[in-house]
$ cat start_23.txt   # compact mmCIF, C-alpha atoms
# COMPACT_ATOMS: atom_id res chain seq x y z
CA MET Y 24 -41.85 251.68 -27.00
CA ALA Y 25 -41.39 254.62 -29.34
CA THR Y 26 -38.01 256.31 -29.60
CA VAL Y 27 -36.60 259.59 -30.92
CA ILE Y 28 -34.06 258.43 -33.49
CA GLY Y 29 -32.98 261.89 -34.51
CA GLY Y 30 -33.88 265.43 -35.35
CA ILE Y 31 -33.84 267.67 -38.40
CA GLY Y 32 -33.69 271.44 -38.36
CA THR Y 33 -34.66 272.93 -41.69
CA SER Y 34 -35.68 276.25 -43.15
CA HIS Y 35 -38.99 276.50 -44.93
CA ALA Y 36 -39.86 279.01 -47.64
CA PRO Y 37 -42.40 279.29 -50.47
CA THR Y 38 -39.54 279.82 -52.93
CA ILE Y 39 -38.17 276.33 -52.17
CA GLY Y 40 -41.49 274.84 -53.27
CA VAL Y 41 -41.64 276.98 -56.39
CA ALA Y 42 -38.08 276.06 -57.41
CA TRP Y 43 -38.82 272.37 -56.75
CA ASP Y 44 -42.02 272.41 -58.82
CA ARG Y 45 -40.21 274.14 -61.71
CA GLY Y 46 -37.42 271.57 -61.66
CA GLN Y 47 -34.70 274.14 -60.87
CA GLN Y 48 -32.77 271.77 -58.59
CA LYS Y 49 -29.62 271.87 -60.72
CA GLU Y 50 -29.59 275.59 -61.51
CA PRO Y 51 -26.56 277.43 -60.09
CA MET Y 52 -28.60 279.49 -57.64
CA TRP Y 53 -30.50 276.49 -56.29
CA ALA Y 54 -28.07 273.57 -56.47
CA PRO Y 55 -26.32 274.49 -53.17
CA LEU Y 56 -29.72 274.22 -51.46
CA PHE Y 57 -31.10 271.10 -53.13
CA ASP Y 58 -27.78 269.21 -53.16
CA GLY Y 59 -27.54 269.96 -49.45
CA TYR Y 60 -30.65 267.86 -48.78
CA VAL Y 61 -29.31 264.73 -50.49
CA PRO Y 62 -27.27 263.46 -47.50
CA ALA Y 63 -30.23 264.18 -45.20
CA ARG Y 64 -32.47 262.14 -47.42
CA GLN Y 65 -29.95 259.29 -47.48
CA TRP Y 66 -29.81 259.35 -43.69
CA LEU Y 67 -33.61 259.15 -43.50
CA ASP Y 68 -33.62 256.21 -45.93
CA GLU Y 69 -31.11 254.38 -43.74
CA MET Y 70 -32.88 255.19 -40.47
CA ARG Y 71 -36.29 253.88 -41.63
CA PRO Y 72 -38.45 256.29 -39.59
CA ASP Y 73 -42.12 255.44 -38.92
CA LEU Y 74 -43.28 258.94 -38.11
CA PHE Y 75 -42.34 262.60 -38.54
CA LEU Y 76 -43.27 264.94 -35.71
CA ILE Y 77 -42.95 268.40 -37.23
CA VAL Y 78 -42.84 271.61 -35.19
CA TYR Y 79 -43.58 274.40 -37.66
CA ASN Y 80 -45.56 277.58 -38.07
CA ASP Y 81 -48.58 278.34 -40.18
CA HIS Y 82 -48.33 281.57 -42.21
CA VAL Y 83 -51.95 282.64 -41.81
CA ASN Y 84 -53.11 279.89 -44.16
CA GLN Y 85 -54.83 277.40 -41.83
CA PHE Y 86 -55.37 279.88 -39.00
CA PHE Y 87 -56.49 283.50 -39.16
CA PHE Y 88 -56.41 286.12 -36.41
CA ASP Y 89 -60.05 285.49 -35.51
CA ASN Y 90 -58.68 282.43 -33.67
CA TYR Y 91 -54.94 282.21 -33.50
CA PRO Y 92 -53.62 279.35 -31.33
CA THR Y 93 -50.28 279.55 -29.56
CA PHE Y 94 -49.82 275.80 -30.06
CA ALA Y 95 -51.99 273.64 -32.31
CA LEU Y 96 -51.74 269.89 -32.86
CA GLY Y 97 -53.02 268.13 -35.99
CA VAL Y 98 -54.64 264.86 -34.92
CA GLY Y 99 -56.42 264.04 -38.19
CA ALA Y 100 -55.88 260.97 -40.37
CA VAL Y 101 -55.17 263.26 -43.33
CA HIS Y 102 -53.71 266.76 -43.61
CA ALA Y 103 -54.86 268.71 -46.66
CA GLN Y 104 -52.72 271.31 -48.41
CA ALA Y 105 -53.61 274.96 -47.89
CA ASP Y 106 -54.01 277.36 -50.84
CA GLU Y 107 -51.60 280.17 -49.90
CA GLY Y 108 -52.98 282.50 -52.54
CA TRP Y 109 -51.16 281.10 -55.57
CA GLY Y 110 -53.24 277.92 -55.93
CA LYS Y 111 -52.32 274.46 -54.64
CA ARG Y 112 -49.17 272.62 -55.65
CA PRO Y 113 -49.35 269.21 -57.35
CA LEU Y 114 -48.84 267.23 -54.15
CA PRO Y 115 -51.14 264.66 -52.50
CA ASP Y 116 -52.54 265.24 -49.02
CA LEU Y 117 -50.32 264.05 -46.18
CA PRO Y 118 -51.19 261.07 -43.98
CA GLY Y 119 -51.47 261.70 -40.24
CA ASP Y 120 -51.30 259.36 -37.25
CA PRO Y 121 -54.35 259.95 -35.02
CA ASP Y 122 -53.42 257.27 -32.48
CA PHE Y 123 -50.01 258.78 -31.77
CA ALA Y 124 -51.34 262.34 -32.05
CA TRP Y 125 -54.02 261.80 -29.39
CA HIS Y 126 -51.43 260.18 -27.15
CA LEU Y 127 -49.25 263.24 -27.71
CA ALA Y 128 -52.17 265.52 -26.84
CA ARG Y 129 -52.79 263.70 -23.54
CA SER Y 130 -49.11 263.62 -22.68
CA LEU Y 131 -48.54 267.32 -23.47
CA VAL Y 132 -51.56 268.45 -21.46
CA ASN Y 133 -50.43 266.28 -18.58
CA ASP Y 134 -47.07 268.04 -18.91
CA GLU Y 135 -48.79 271.47 -18.77
CA PHE Y 136 -48.56 272.24 -22.48
CA ASP Y 137 -52.08 272.77 -23.80
CA PRO Y 138 -52.30 272.73 -27.58
CA THR Y 139 -55.45 273.50 -29.55
CA ILE Y 140 -56.54 270.13 -30.94
CA CYS Y 141 -57.29 270.18 -34.67
CA GLN Y 142 -59.07 267.31 -36.41
CA GLU Y 143 -58.66 269.23 -39.64
CA MET Y 144 -55.47 271.22 -40.16
CA SER Y 145 -54.33 272.16 -43.64
CA LEU Y 146 -50.60 272.59 -44.08
CA ASP Y 147 -48.69 275.30 -45.90
CA HIS Y 148 -45.06 275.76 -46.94
CA GLY Y 149 -44.10 275.50 -43.27
CA VAL Y 150 -44.17 271.73 -43.91
CA LEU Y 151 -44.62 271.22 -47.63
CA SER Y 152 -41.70 273.30 -48.94
CA PHE Y 153 -38.91 271.05 -47.63
CA LEU Y 154 -40.64 267.69 -47.28
CA PRO Y 155 -40.39 266.71 -50.98
CA LEU Y 156 -36.62 267.23 -50.68
CA LEU Y 157 -36.46 264.56 -47.98
CA THR Y 158 -38.94 261.84 -48.99
CA ASP Y 159 -40.86 260.56 -51.99
CA THR Y 160 -44.05 262.54 -52.46
CA ASP Y 161 -46.27 259.49 -52.08
CA TRP Y 162 -45.71 260.29 -48.39
CA LYS Y 163 -45.13 256.84 -46.94
CA VAL Y 164 -44.18 258.26 -43.55
CA PRO Y 165 -47.10 259.79 -41.62
CA VAL Y 166 -46.77 263.30 -40.24
CA VAL Y 167 -48.00 264.73 -36.95
CA PRO Y 168 -47.81 268.54 -37.21
CA LEU Y 169 -47.49 270.86 -34.23
CA ALA Y 170 -48.01 274.51 -35.16
CA VAL Y 171 -46.53 277.35 -33.10
CA ASN Y 172 -47.53 281.01 -33.18
CA VAL Y 173 -44.40 282.94 -34.11
CA ILE Y 174 -46.31 285.66 -35.99
CA GLN Y 175 -48.77 287.53 -33.75
CA HIS Y 176 -47.09 288.79 -30.59
CA PRO Y 177 -46.99 287.82 -27.79
CA ILE Y 178 -45.42 284.56 -29.00
CA PRO Y 179 -44.03 281.79 -26.78
CA THR Y 180 -40.50 282.35 -25.50
CA PRO Y 181 -37.41 280.52 -26.76
CA ARG Y 182 -37.20 278.77 -23.39
CA ARG Y 183 -40.80 277.60 -23.76
CA LEU Y 184 -39.97 276.05 -27.12
CA PHE Y 185 -36.97 274.23 -25.67
CA ARG Y 186 -39.11 272.91 -22.84
CA LEU Y 187 -41.78 271.90 -25.34
CA GLY Y 188 -39.11 269.72 -26.92
CA THR Y 189 -38.42 267.94 -23.63
CA ALA Y 190 -42.17 267.34 -23.30
CA LEU Y 191 -42.25 265.91 -26.81
CA ARG Y 192 -39.55 263.46 -25.83
CA ARG Y 193 -41.47 262.35 -22.74
CA ALA Y 194 -44.56 261.85 -24.90
CA ILE Y 195 -42.66 259.78 -27.44
CA GLU Y 196 -40.98 257.62 -24.83
CA SER Y 197 -44.30 256.92 -23.11
CA TYR Y 198 -45.98 255.77 -26.33
CA PRO Y 199 -46.44 252.00 -26.02
CA LYS Y 200 -46.10 251.11 -29.72
CA ASP Y 201 -42.74 250.62 -31.40
CA ARG Y 202 -42.19 253.69 -33.50
CA ARG Y 203 -39.01 255.26 -34.80
CA ILE Y 204 -39.68 258.98 -34.73
CA VAL Y 205 -37.79 261.90 -36.25
CA VAL Y 206 -38.58 265.30 -34.74
CA PHE Y 207 -38.38 268.35 -37.02
CA GLY Y 208 -37.88 271.99 -36.08
CA THR Y 209 -38.54 274.22 -39.06
CA GLY Y 210 -38.34 277.87 -40.04
CA GLY Y 211 -35.78 280.61 -40.33
CA LEU Y 212 -33.02 281.03 -40.48
CA THR Y 213 -32.50 284.79 -40.54
CA HIS Y 214 -34.78 286.87 -42.74
CA GLN Y 215 -36.48 290.25 -42.64
CA LEU Y 216 -39.47 290.57 -44.96
CA HIS Y 217 -40.37 294.25 -44.48
CA GLY Y 218 -39.15 297.58 -43.14
CA LYS Y 219 -35.91 299.39 -43.80
CA ASN Y 220 -33.82 296.23 -43.39
CA PHE Y 221 -35.89 294.23 -45.89
CA GLY Y 222 -33.82 291.40 -47.35
CA ILE Y 223 -31.13 291.45 -44.70
CA LYS Y 224 -29.61 288.17 -43.52
CA ASN Y 225 -27.08 287.31 -40.84
CA ALA Y 226 -24.98 284.34 -41.92
CA ALA Y 227 -22.65 284.66 -38.93
CA TRP Y 228 -25.55 284.35 -36.49
CA ASP Y 229 -27.18 281.55 -38.52
CA ASN Y 230 -24.01 279.49 -38.28
CA GLU Y 231 -23.41 280.35 -34.64
CA PHE Y 232 -26.98 279.27 -33.92
CA MET Y 233 -26.45 275.90 -35.62
CA ASP Y 234 -23.13 275.42 -33.77
CA ARG Y 235 -24.63 276.16 -30.39
CA LEU Y 236 -27.83 274.24 -31.03
CA GLU Y 237 -25.66 271.15 -31.07
CA THR Y 238 -23.54 271.87 -28.04
CA GLU Y 239 -25.33 274.34 -25.75
CA PRO Y 240 -29.03 274.53 -26.64
CA ALA Y 241 -30.06 275.47 -23.10
CA ALA Y 242 -27.99 278.66 -23.33
CA LEU Y 243 -29.55 279.48 -26.71
CA SER Y 244 -32.98 279.07 -25.18
CA GLU Y 245 -32.15 281.71 -22.55
CA LEU Y 246 -31.91 284.45 -25.19
CA SER Y 247 -35.01 286.62 -25.43
CA THR Y 248 -37.46 286.87 -28.30
CA GLN Y 249 -36.14 290.37 -28.92
CA ASP Y 250 -32.56 289.02 -29.09
CA TYR Y 251 -33.62 286.64 -31.84
CA MET Y 252 -35.41 289.37 -33.79
CA GLU Y 253 -32.52 291.83 -33.45
CA ARG Y 254 -30.06 289.26 -34.75
CA GLY Y 255 -32.21 287.50 -37.30
CA GLY Y 256 -35.09 289.79 -38.25
CA THR Y 257 -38.71 289.94 -37.11
CA GLU Y 258 -39.55 286.93 -39.30
CA GLY Y 259 -36.25 285.17 -38.51
CA VAL Y 260 -37.65 284.57 -35.03
CA GLU Y 261 -39.07 281.36 -36.57
CA MET Y 262 -35.74 279.73 -35.78
CA ILE Y 263 -36.78 279.34 -32.14
CA MET Y 264 -38.78 276.31 -33.32
CA TRP Y 265 -35.48 274.48 -33.85
CA LEU Y 266 -35.12 274.64 -30.06
CA ALA Y 267 -38.13 272.32 -29.71
CA MET Y 268 -36.47 269.77 -32.00
CA ARG Y 269 -33.25 270.00 -30.02
CA GLY Y 270 -35.08 269.71 -26.69
CA ALA Y 271 -36.62 266.45 -27.89
CA LEU Y 272 -33.20 264.91 -28.57
CA GLY Y 273 -31.89 265.05 -25.00
CA GLY Y 274 -28.26 265.62 -23.97
CA ASN Y 275 -25.62 264.41 -26.36
CA VAL Y 276 -26.18 264.28 -30.08
CA LYS Y 277 -24.12 263.33 -33.10
CA ARG Y 278 -24.15 265.66 -36.07
CA VAL Y 279 -24.86 263.73 -39.25
CA HIS Y 280 -25.08 266.59 -41.72
CA ARG Y 281 -25.24 270.33 -42.00
CA ASN Y 282 -25.76 272.75 -44.88
CA TYR Y 283 -26.12 276.50 -45.30
CA THR Y 284 -26.87 278.67 -48.30
CA ALA Y 285 -28.56 282.05 -48.68
CA PRO Y 286 -29.23 282.90 -52.33
CA LEU Y 287 -32.33 285.07 -51.75
CA THR Y 288 -33.93 286.81 -48.77
CA THR Y 289 -33.62 283.92 -46.27
CA GLY Y 290 -30.70 282.06 -44.72
CA TYR Y 291 -31.46 278.43 -45.58
CA GLY Y 292 -30.13 276.12 -42.89
CA LEU Y 293 -30.25 272.34 -42.60
CA LEU Y 294 -29.03 270.32 -39.63
CA VAL Y 295 -29.40 266.57 -39.09
CA LEU Y 296 -28.71 265.29 -35.59
CA GLU Y 297 -28.77 261.72 -34.35
CA THR Y 298 -29.50 260.71 -30.76
CA MET Z 3 -40.12 294.26 -26.05
CA ASP Z 4 -39.60 297.15 -28.46
CA ASP Z 5 -42.31 298.07 -30.94
CA VAL Z 6 -39.87 298.39 -33.84
CA ILE Z 7 -37.06 295.83 -34.16
CA SER Z 8 -34.60 295.41 -37.01
CA GLY Z 9 -36.19 298.46 -38.62
CA ALA Z 10 -39.58 296.75 -38.80
CA TYR Z 11 -42.89 296.94 -36.98
CA VAL Z 12 -43.44 294.03 -34.60
CA PHE Z 13 -46.82 292.48 -35.44
CA THR Z 14 -48.43 292.85 -32.05
CA GLY Z 15 -51.99 292.03 -31.04
CA GLU Z 16 -52.74 295.76 -31.10
CA ARG Z 17 -51.59 296.05 -34.74
CA SER Z 18 -53.52 292.91 -35.57
CA ALA Z 19 -56.70 294.45 -34.13
CA ARG Z 20 -56.18 297.77 -35.92
CA SER Z 21 -55.68 296.14 -39.32
CA TYR Z 22 -58.22 293.38 -38.78
CA ALA Z 23 -60.56 294.23 -41.68
CA LEU Z 24 -57.70 294.57 -44.16
CA ASN Z 25 -56.05 291.35 -43.04
CA LYS Z 26 -59.39 289.53 -43.08
CA MET Z 27 -60.05 290.71 -46.64
CA ALA Z 28 -56.57 289.54 -47.67
CA ASN Z 29 -57.14 286.20 -45.97
CA SER Z 30 -60.28 285.68 -48.06
CA LEU Z 31 -58.06 285.70 -51.17
CA SER Z 32 -56.96 282.16 -50.30
CA SER Z 33 -59.79 280.88 -52.49
CA PRO Z 34 -59.61 281.09 -56.31
CA GLU Z 35 -63.25 282.27 -56.51
CA ASN Z 36 -62.57 285.20 -54.19
CA ARG Z 37 -59.38 286.10 -56.05
CA LYS Z 38 -61.45 286.41 -59.24
CA ARG Z 39 -64.08 288.58 -57.55
CA PHE Z 40 -61.37 290.80 -56.07
CA GLN Z 41 -59.55 291.13 -59.39
CA ALA Z 42 -62.78 292.13 -61.13
CA ASP Z 43 -63.57 294.97 -58.68
CA GLU Z 44 -60.98 295.55 -55.97
CA ALA Z 45 -62.71 298.49 -54.29
CA GLY Z 46 -66.19 296.93 -54.33
CA TYR Z 47 -64.87 293.63 -53.01
CA MET Z 48 -63.01 295.35 -50.17
CA ARG Z 49 -65.95 297.59 -49.29
CA GLY Z 50 -68.18 294.52 -49.08
CA LEU Z 51 -65.82 293.05 -46.47
CA GLY Z 52 -65.80 296.15 -44.29
CA CYS Z 53 -62.48 297.72 -45.29
CA SER Z 54 -62.13 301.44 -44.66
CA ASP Z 55 -61.72 304.04 -47.41
CA THR Z 56 -58.07 304.44 -46.35
CA GLN Z 57 -57.42 300.71 -46.63
CA ILE Z 58 -59.07 300.58 -50.06
CA TYR Z 59 -57.03 303.57 -51.24
CA LEU Z 60 -53.77 301.99 -50.07
CA VAL Z 61 -54.51 298.72 -51.87
CA LEU Z 62 -55.56 300.47 -55.11
CA ARG Z 63 -52.29 302.45 -54.99
CA ARG Z 64 -50.26 299.31 -54.18
CA ASP Z 65 -48.94 301.29 -51.21
CA TRP Z 66 -47.45 298.35 -49.30
CA ARG Z 67 -45.58 300.63 -46.94
CA GLY Z 68 -48.80 302.44 -46.12
CA MET Z 69 -50.53 299.12 -45.46
CA MET Z 70 -47.79 298.15 -43.00
CA GLU Z 71 -48.20 301.52 -41.29
CA GLN Z 72 -51.89 300.64 -40.92
CA GLY Z 73 -50.78 297.58 -38.96
CA ALA Z 74 -51.10 294.90 -41.65
CA SER Z 75 -49.36 291.55 -41.44
CA ILE Z 76 -46.68 290.98 -44.10
CA TYR Z 77 -48.11 287.49 -44.68
CA LEU Z 78 -51.47 288.97 -45.63
CA LEU Z 79 -49.83 291.51 -47.94
CA LEU Z 80 -48.29 288.54 -49.74
CA LYS Z 81 -51.81 287.22 -50.41
CA ILE Z 82 -52.87 290.59 -51.87
CA GLY Z 83 -49.64 290.58 -53.86
CA ALA Z 84 -50.39 287.07 -55.17
CA ALA Z 85 -53.84 288.22 -56.32
CA VAL Z 86 -52.54 291.32 -58.13
CA GLY Z 87 -49.28 289.89 -59.46
CA VAL Z 88 -46.78 291.68 -57.23
CA PRO Z 89 -44.11 289.39 -55.72
CA LEU Z 90 -42.42 289.59 -52.32
CA PRO Z 91 -39.24 291.43 -53.44
CA GLU Z 92 -41.29 294.31 -54.80
CA ILE Z 93 -43.52 294.45 -51.71
CA GLY Z 94 -40.60 294.23 -49.30
CA ALA Z 95 -38.56 296.83 -51.18
CA HIS Z 96 -41.52 299.23 -51.13
CA THR Z 97 -41.87 298.88 -47.35
CA ALA Z 98 -38.18 299.79 -47.14
CA GLY Z 99 -38.79 302.91 -49.24
CA ARG Z 100 -36.93 301.50 -52.24
CA THR Z 101 -37.78 300.47 -55.75
CA LEU Z 102 -37.22 296.87 -56.79
CA ALA Z 103 -34.21 298.00 -58.87
CA GLU Z 104 -32.67 299.77 -55.86
CA HIS Z 105 -33.26 296.68 -53.75
CA ASN Z 106 -31.67 294.39 -56.32
CA ALA Z 107 -28.66 296.71 -56.56
CA ARG Z 108 -28.22 296.44 -52.79
CA ARG Z 109 -28.71 292.69 -52.65
CA GLY Z 110 -25.06 291.83 -53.11
CA GLN Z 111 -24.24 293.59 -49.86
CA LEU Z 112 -27.04 292.07 -47.76
$ encode --input "start_23.txt" --output "structure tokens"
Amino acid sequence: MATVIGGIGTSHAPTIGVAWDRGQQKEPMWAPLFDGYVPARQWLDEMRPDLFLIVYNDHVNQFFFDNYPTFALGVGAVHAQADEGWGKRPLPDLPGDPDFAWHLARSLVNDEFDPTICQEMSLDHGVLSFLPLLTDTDWKVPVVPLAVNVIQHPIPTPRRLFRLGTALRRAIESYPKDRRIVVFGTGGLTHQLHGKNFGIKNAAWDNEFMDRLETEPAALSELSTQDYMERGGTEGVEMIMWLAMRGALGGNVKRVHRNYTAPLTTGYGLLVLET
Amino acid sequence: MDDVISGAYVFTGERSARSYALNKMANSLSSPENRKRFQADEAGYMRGLGCSDTQIYLVLRRDWRGMMEQGASIYLLLKIGAAVGVPLPEIGAHTAGRTLAEHNARRGQL
């Protein structure tokens, strides 16, 4: 039987990928971010996961507004990299896990979550910005990506994301093969990319969110979408995807590692929780 | 839900519909071939994809704030920015009514 061995909440941002590709890991502005991922990577090495289930959002790179799914599941054997407008990064395509992904599709639909099923789904910085910080880039661990619309409103509610997480757990625990699965919630934390508050962050709320995600995630999921945008910016609403990760972990969790730094326009959070 | 939150337009379905041609043009810049065609003749490229005269004018003037007022998605403006060599801080600052220098001067307090 498959099990959820833990969860990782992590920000994603194009700038993380750019800094990584340029080798800026030790520069003063970036070291607090990159050094913060080292303990998370060590934990992953020790936990020997077989699969990453990553709840993330596409930034209009795979999907456009001609067809914009609320939830979309990548069931392909390979996930290509999307060109976000700057050209592709020097990274190989990611392996998928079609057998688990189709099981997940059946289980989610049976649980009244109905994702768009994608046999081809290219991935953008929503996955590829942080992943090289956590594993070797020969990608030994397959990835099953689950994209969420957090861009074109109406978007799913925070509560819906938390419940999605509980459905992910049921899907994992009903998978007959032995698999050690880490669930990721990505995005955020607070950032505002346009308008009069461009560049604003909210470190107090970012840290409160990470505190409460550990101890009272159900209460966090009762906040409204507008609450999240007022506190964390219209783009900061991405952080609701961490609720899906937390929902997949069940009741009590042990915090393994946490990091926070905000050198540019986004609060970069990292949280590693063990079941 | 409010239409403006945190001082910013919420990207609603209605805005998405209103700015559809502009966003679709920007989305086409995800391919290197299209970026080259756009760079060679911005107005002609946009006209060929059904953009309005207003949308073309705003792009030629690098009026990011005006594009947002037309309902554009910030993620699509980033693709236009990538094609014309204008990075996020400059785009974001413009939508706030500031120059990049003014934005950078404020950054310590954000």
$ closest_residue --input "start_23.txt" --among "Z:Tyr22, Z:Phe40, Z:Tyr59, Z:Tyr11" --to "Leu78 (chain Z)" --atoms "only C-alpha atoms"
Z:Tyr22
$ atom_distance --input "start_23.txt" --atom1 "CA of Thr158 (chain Y)" --atom2 "CA of Leu114 (chain Y)"
12.4 Å
$ interface_residues --input "start_23.txt" --of "chain Z" --to "chain Y" --cutoff "6 Å" --atoms "all atoms listed in the file" --output "MDAnalysis selection string"
chainID Z and resid 8:10 13:15 32 81 84 94 97:98 112
$ atom_distance --input "start_23.txt" --atom1 "CA of Leu246 (chain Y)" --atom2 "CA of Asn230 (chain Y)"
16.1 Å
$ atom_distance --input "start_23.txt" --atom1 "CA of Thr238 (chain Y)" --atom2 "CA of Met264 (chain Y)"
16.7 Å
$ residues_near_point --input "start_23.txt" --point "(-67.8, 289.0, -49.6)" --cutoff "10 Å" --atoms "all atoms listed in the file" --output "number ranges by chain"
Z: 27, 30, 36, 39-40, 46-52
$ closest_residue --input "start_23.txt" --among "Z:Arg37, Z:Leu31, Z:Leu24, Z:Ile76" --to "Cys53 (chain Z)" --atoms "only C-alpha atoms"
Z:Leu24
$ closest_residue --input "start_23.txt" --among "Y:Leu117, Y:Leu56, Y:Ala95, Y:Val164" --to "Tyr79 (chain Y)" --atoms "all atoms listed in the file"
Y:Ala95
$ residues_around --input "start_23.txt" --residues "Asn80 (chain Y)" --least-positions-apart "4" --cutoff "9 Å" --atoms "all atoms listed in the file" --output "MDAnalysis selection string"
chainID Y and resid 147 149:150 169:174 209:210 261 264
$ closest_residue --input "start_23.txt" --among "Y:Glu196, Y:Asp234, Y:Glu239, Y:Glu245" --to "Ser130 (chain Y)" --atoms "only C-alpha atoms"
Y:Glu196
$ closest_residue --input "start_23.txt" --among "Y:Thr38, Y:Thr298, Y:Thr289, Y:Thr93" --to "Asn275 (chain Y)" --atoms "all atoms listed in the file"
Y:Thr298
$ closest_residue --input "start_23.txt" --among "Z:Val88, Z:Leu62, Z:Met3, Z:Ala74" --to "Thr180 (chain Y)" --atoms "only C-alpha atoms"
Z:Met3
$ axis_aligned_box --input "start_23.txt" --around "region 224-242 of chain Y" --padding-each-side "8 Å" --output "lines of an AutoDock Vina configuration file"
center_x = -26.4
center_y = 279.7
center_z = -33.3
size_x = 23.4
size_y = 33.0
size_z = 36.4
$ residues_around --input "start_23.txt" --residues "Ile140 (chain Y)" --least-positions-apart "3" --cutoff "12 Å" --atoms "all atoms listed in the file" --output "short mmCIF file (atom, residue, chain, number, x, y, z; two decimals) with C-alpha atoms, in the frame of the given file"
data_model
loop_
_atom_site.label_atom_id
_atom_site.label_comp_id
_atom_site.auth_asym_id
_atom_site.auth_seq_id
_atom_site.Cartn_x
_atom_site.Cartn_y
_atom_site.Cartn_z
CA PRO Y 92 -53.62 279.35 -31.33
CA THR Y 93 -50.28 279.55 -29.56
CA PHE Y 94 -49.82 275.80 -30.06
CA ALA Y 95 -51.99 273.64 -32.31
CA LEU Y 96 -51.74 269.89 -32.86
CA GLY Y 97 -53.02 268.13 -35.99
CA VAL Y 98 -54.64 264.86 -34.92
CA GLY Y 99 -56.42 264.04 -38.19
CA PRO Y 121 -54.35 259.95 -35.02
CA ALA Y 124 -51.34 262.34 -32.05
CA TRP Y 125 -54.02 261.80 -29.39
CA HIS Y 126 -51.43 260.18 -27.15
CA LEU Y 127 -49.25 263.24 -27.71
CA ALA Y 128 -52.17 265.52 -26.84
CA ARG Y 129 -52.79 263.70 -23.54
CA LEU Y 131 -48.54 267.32 -23.47
CA VAL Y 132 -51.56 268.45 -21.46
CA PHE Y 136 -48.56 272.24 -22.48
CA ASP Y 137 -52.08 272.77 -23.80
CA GLU Y 143 -58.66 269.23 -39.64
CA MET Y 144 -55.47 271.22 -40.16
CA VAL Y 167 -48.00 264.73 -36.95
CA PRO Y 168 -47.81 268.54 -37.21
CA LEU Y 169 -47.49 270.86 -34.23
CA ALA Y 170 -48.01 274.51 -35.16
#
$ residues_around --input "start_23.txt" --residues "Pro165 (chain Y)" --least-positions-apart "5" --cutoff "8 Å" --atoms "all atoms listed in the file" --output "VMD selection string"
chain Y and resid 73 to 75 117 to 120
$ residues_around --input "start_23.txt" --residues "Trp66 (chain Z)" --least-positions-apart "5" --cutoff "9 Å" --atoms "all atoms listed in the file" --output "ChimeraX atom specification"
/Z:60-61,71,79,93-94,96-97
$ residues_around --input "start_23.txt" --residues "region 205-208 of chain Y" --least-positions-apart "4" --cutoff "6 Å" --atoms "only C-alpha atoms" --output "mmCIF file with C-alpha atoms, in the coordinates of the input"
data_model
loop_
_atom_site.group_PDB
_atom_site.id
_atom_site.type_symbol
_atom_site.label_atom_id
_atom_site.label_comp_id
_atom_site.auth_asym_id
_atom_site.auth_seq_id
_atom_site.Cartn_x
_atom_site.Cartn_y
_atom_site.Cartn_z
ATOM 1 C CA VAL Y 27 -36.600 259.590 -30.920
ATOM 2 C CA ILE Y 28 -34.060 258.430 -33.490
ATOM 3 C CA GLY Y 29 -32.980 261.890 -34.510
ATOM 4 C CA GLY Y 30 -33.880 265.430 -35.350
ATOM 5 C CA ILE Y 31 -33.840 267.670 -38.400
ATOM 6 C CA GLY Y 32 -33.690 271.440 -38.360
ATOM 7 C CA PHE Y 75 -42.340 262.600 -38.540
ATOM 8 C CA LEU Y 76 -43.270 264.940 -35.710
ATOM 9 C CA ILE Y 77 -42.950 268.400 -37.230
ATOM 10 C CA VAL Y 78 -42.840 271.610 -35.190
ATOM 11 C CA MET Y 264 -38.780 276.310 -33.320
ATOM 12 C CA TRP Y 265 -35.480 274.480 -33.850
ATOM 13 C CA MET Y 268 -36.470 269.770 -32.000
#
$ decode --input "start_23.txt" --residues "region 14-22 of chain Z" --atoms "N, CA and C atoms" --output "mmCIF file, in the first residue's frame"
data_model
loop_
_atom_site.group_PDB
_atom_site.id
_atom_site.type_symbol
_atom_site.label_atom_id
_atom_site.label_comp_id
_atom_site.auth_asym_id
_atom_site.auth_seq_id
_atom_site.Cartn_x
_atom_site.Cartn_y
_atom_site.Cartn_z
ATOM 1 N N THR Z 14 -10.600 38.779 -13.176
ATOM 2 C CA THR Z 14 -11.862 38.046 -13.260
ATOM 3 C C THR Z 14 -12.075 37.522 -14.682
ATOM 4 N N GLY Z 15 -13.043 36.637 -14.820
ATOM 5 C CA GLY Z 15 -13.415 36.148 -16.147
ATOM 6 C C GLY Z 15 -13.801 37.284 -17.078
ATOM 7 N N GLU Z 16 -14.475 38.302 -16.539
ATOM 8 C CA GLU Z 16 -14.888 39.440 -17.365
ATOM 9 C C GLU Z 16 -13.659 40.183 -17.902
ATOM 10 N N ARG Z 17 -12.660 40.405 -17.037
ATOM 11 C CA ARG Z 17 -11.428 41.057 -17.519
ATOM 12 C C ARG Z 17 -10.737 40.175 -18.550
ATOM 13 N N SER Z 18 -10.724 38.889 -18.275
ATOM 14 C CA SER Z 18 -10.076 37.942 -19.186
ATOM 15 C C SER Z 18 -10.725 38.005 -20.569
ATOM 16 N N ALA Z 19 -12.046 38.121 -20.601
ATOM 17 C CA ALA Z 19 -12.756 38.189 -21.888
ATOM 18 C C ALA Z 19 -12.444 39.506 -22.601
ATOM 19 N N ARG Z 20 -12.402 40.594 -21.837
ATOM 20 C CA ARG Z 20 -12.192 41.918 -22.429
ATOM 21 C C ARG Z 20 -10.793 42.034 -23.037
ATOM 22 N N SER Z 21 -9.825 41.409 -22.408
ATOM 23 C CA SER Z 21 -8.434 41.545 -22.861
ATOM 24 C C SER Z 21 -7.988 40.327 -23.668
ATOM 25 N N TYR Z 22 -8.946 39.538 -24.127
ATOM 26 C CA TYR Z 22 -8.605 38.227 -24.696
ATOM 27 C C TYR Z 22 -7.592 38.326 -25.841
#
